[in-house]
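*Asks:* To start, I am sharing the structure in question, which I have written as structure tokens.
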Amino acid sequence: CVYHDPDCCEDATRKLLQMPEIPTCILFPDDFSFIGGHNSFLEAGFTIPMPGVGTKTISAVVVGMGKHGTSMVKALSWFCQMDGYRVRINGFDRDELAEDRFCAQCPELMDPRYNGVYVDGEAQYYIRIHSGIEVETKTFADMIHNLRDATYVLVSLGDDTLNIQTALRLRMLFEQCGAKPIIQAIVMSSDKRKALVGLTNYRGQAYNIDFIGD
């Protein structure tokens, strides 16, 4: 399986489970890859007990609640259906009505009977949408510093240049508080994506940002 690629690992696991002799042990390179493998286990009718592991929290930050951001929040909310996982999502958008729009699109996810209510055996997630937040402001920076437990970030602001700049700033902001989340940024231009491969700072240190297409 490929590191941090749940889709690839889901396909690979499905093929393994379709073999005449099913493997007695399948190892995954990381938690995010396991998400894809877990989907294939459930699809095949298997369950995976995790005694003694406790609840793992995926803390996600989605910057830009347009088409891609909204789709990611929906997808992340499904991850909490896995045994032993809890998902906390903070979404940001400059639109003052971003939260209202998301609530209108996904009323079941934002229902106060479920959102942030942790009951054993039920989906465990918490979604908060921060409306009217500009990414270039101190307010945004302060809010990011308070999310030092973030494990995953998606930047999708609808503009390649702004996405790149924001992703780079986010890496800096998280490093200031000692956090090293996975950061992905939407860059539609294939030429720009190629130019960004192996991007480093002035000290030659890799930014470790995944610039992805549609």
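Residues are referred to by chain and number: the chain letter is A, B, ... according to the order shown in the structure tokens, the number counts from 1 in that chain, and ligands are numbered separately from 1 in the order shown.
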Please tabulate, as a Markdown table, the residues of region 81-152 of chain A that come within 10 Å of region 64-74 of chain A, each with its closest pair of atoms and the distance in Å to one decimal, counting only C-alpha atoms and ordering rows by chain, then residue number upward.

*Replies:*
| residue | atom | partner | partner_atom | distance |
| --- | --- | --- | --- | --- |
| A:Arg88 | CA | A:Val73 | CA | 9.9 |
| A:Ile89 | CA | A:Val73 | CA | 7.2 |
| A:Asn90 | CA | A:Val73 | CA | 8.9 |
| A:Gly91 | CA | A:Met65 | CA | 6.7 |
| A:Phe92 | CA | A:Gly64 | CA | 5.7 |
| A:Asp93 | CA | A:Gly64 | CA | 4.9 |
| A:Arg94 | CA | A:Gly64 | CA | 7.7 |
| A:Asp95 | CA | A:Met65 | CA | 8.7 |
| A:Ala98 | CA | A:Met65 | CA | 6.9 |
| A:Glu99 | CA | A:Met65 | CA | 8.9 |
| A:Arg101 | CA | A:Met65 | CA | 9.3 |
| A:Phe102 | CA | A:Thr70 | CA | 7.5 |
| A:Gln105 | CA | A:Thr70 | CA | 9.1 |
| A:Cys106 | CA | A:Lys74 | CA | 8.3 |
| A:Leu109 | CA | A:Lys74 | CA | 8.3 |
| A:Ile127 | CA | A:Val73 | CA | 8.2 |
| A:Ile129 | CA | A:Met65 | CA | 8.5 |
| A:His130 | CA | A:Met65 | CA | 9.7 |
| A:Ser131 | CA | A:Met65 | CA | 9.3 |
| A:Ile133 | CA | A:Gly64 | CA | 9.8 |
| A:Val135 | CA | A:Gly64 | CA | 9.4 |

*Asks:* Just write the chosen residues, C-alpha atoms, as a short mmCIF file (atom, residue, chain, number, x, y, z; two decimals), in the first residue's frame.

*Replies:*
data_model
loop_
_atom_site.label_atom_id
_atom_site.label_comp_id
_atom_site.auth_asym_id
_atom_site.auth_seq_id
_atom_site.Cartn_x
_atom_site.Cartn_y
_atom_site.Cartn_z
CA ARG A 88 -13.06 16.51 14.80
CA ILE A 89 -13.34 18.91 11.85
CA ASN A 90 -12.80 22.67 11.78
CA GLY A 91 -13.84 24.33 8.52
CA PHE A 92 -12.93 27.90 7.56
CA ASP A 93 -14.36 30.18 4.89
CA ARG A 94 -14.43 33.91 4.18
CA ASP A 95 -18.17 33.72 3.41
CA ALA A 98 -20.58 29.49 5.16
CA GLU A 99 -21.98 27.71 8.22
CA ARG A 101 -24.89 27.06 3.69
CA PHE A 102 -23.25 23.89 5.01
CA GLN A 105 -26.58 21.12 2.49
CA CYS A 106 -25.92 18.65 5.32
CA LEU A 109 -24.46 16.10 9.99
CA ILE A 127 -17.94 19.61 12.94
CA ILE A 129 -17.63 25.82 10.54
CA HIS A 130 -15.95 29.20 11.11
CA SER A 131 -17.62 31.75 8.83
CA ILE A 133 -12.59 34.25 8.33
CA VAL A 135 -6.84 33.48 5.73
#

*Asks:* Using DSSP on the backbone, list every residue of region 11-200 of chain A that comes out as alpha helix (DSSP H), and give them as a PyMOL selection string.

*Replies:* chain A and resi 11-17+31-43+67-79+98-105+107-110+138-145+160-176+190-195

*Asks:* Any idea what's packed within 12 Å of region 114-118 of chain A, counting only C-alpha atoms, ignoring anything in its chain fewer than 2 positions away? Could you give it as a VMD selection string?

*Replies:* chain A and resid 55 77 80 to 81 84 to 89 103 106 to 112 120 to 129

*Asks:* Considering only C-alpha atoms, tabulate each residue of region 42-119 of chain A that lies at most 10 Å from region 178-192 of chain A along with its nearest interatomic pair and the corresponding distance in Å to one decimal; arrange the rows by chain and ascending residue number and present them as a tab-separated table.

*Replies:*
residue	atom	partner	partner_atom	distance
A:Ser59	CA	A:Pro181	CA	9.1
A:Ala60	CA	A:Pro181	CA	8.8
A:Val61	CA	A:Ile183	CA	9.2
A:Val62	CA	A:Gln184	CA	9.8
A:Val63	CA	A:Ala185	CA	9.3
A:His68	CA	A:Ile186	CA	8.5
A:Gly69	CA	A:Ile186	CA	9.8
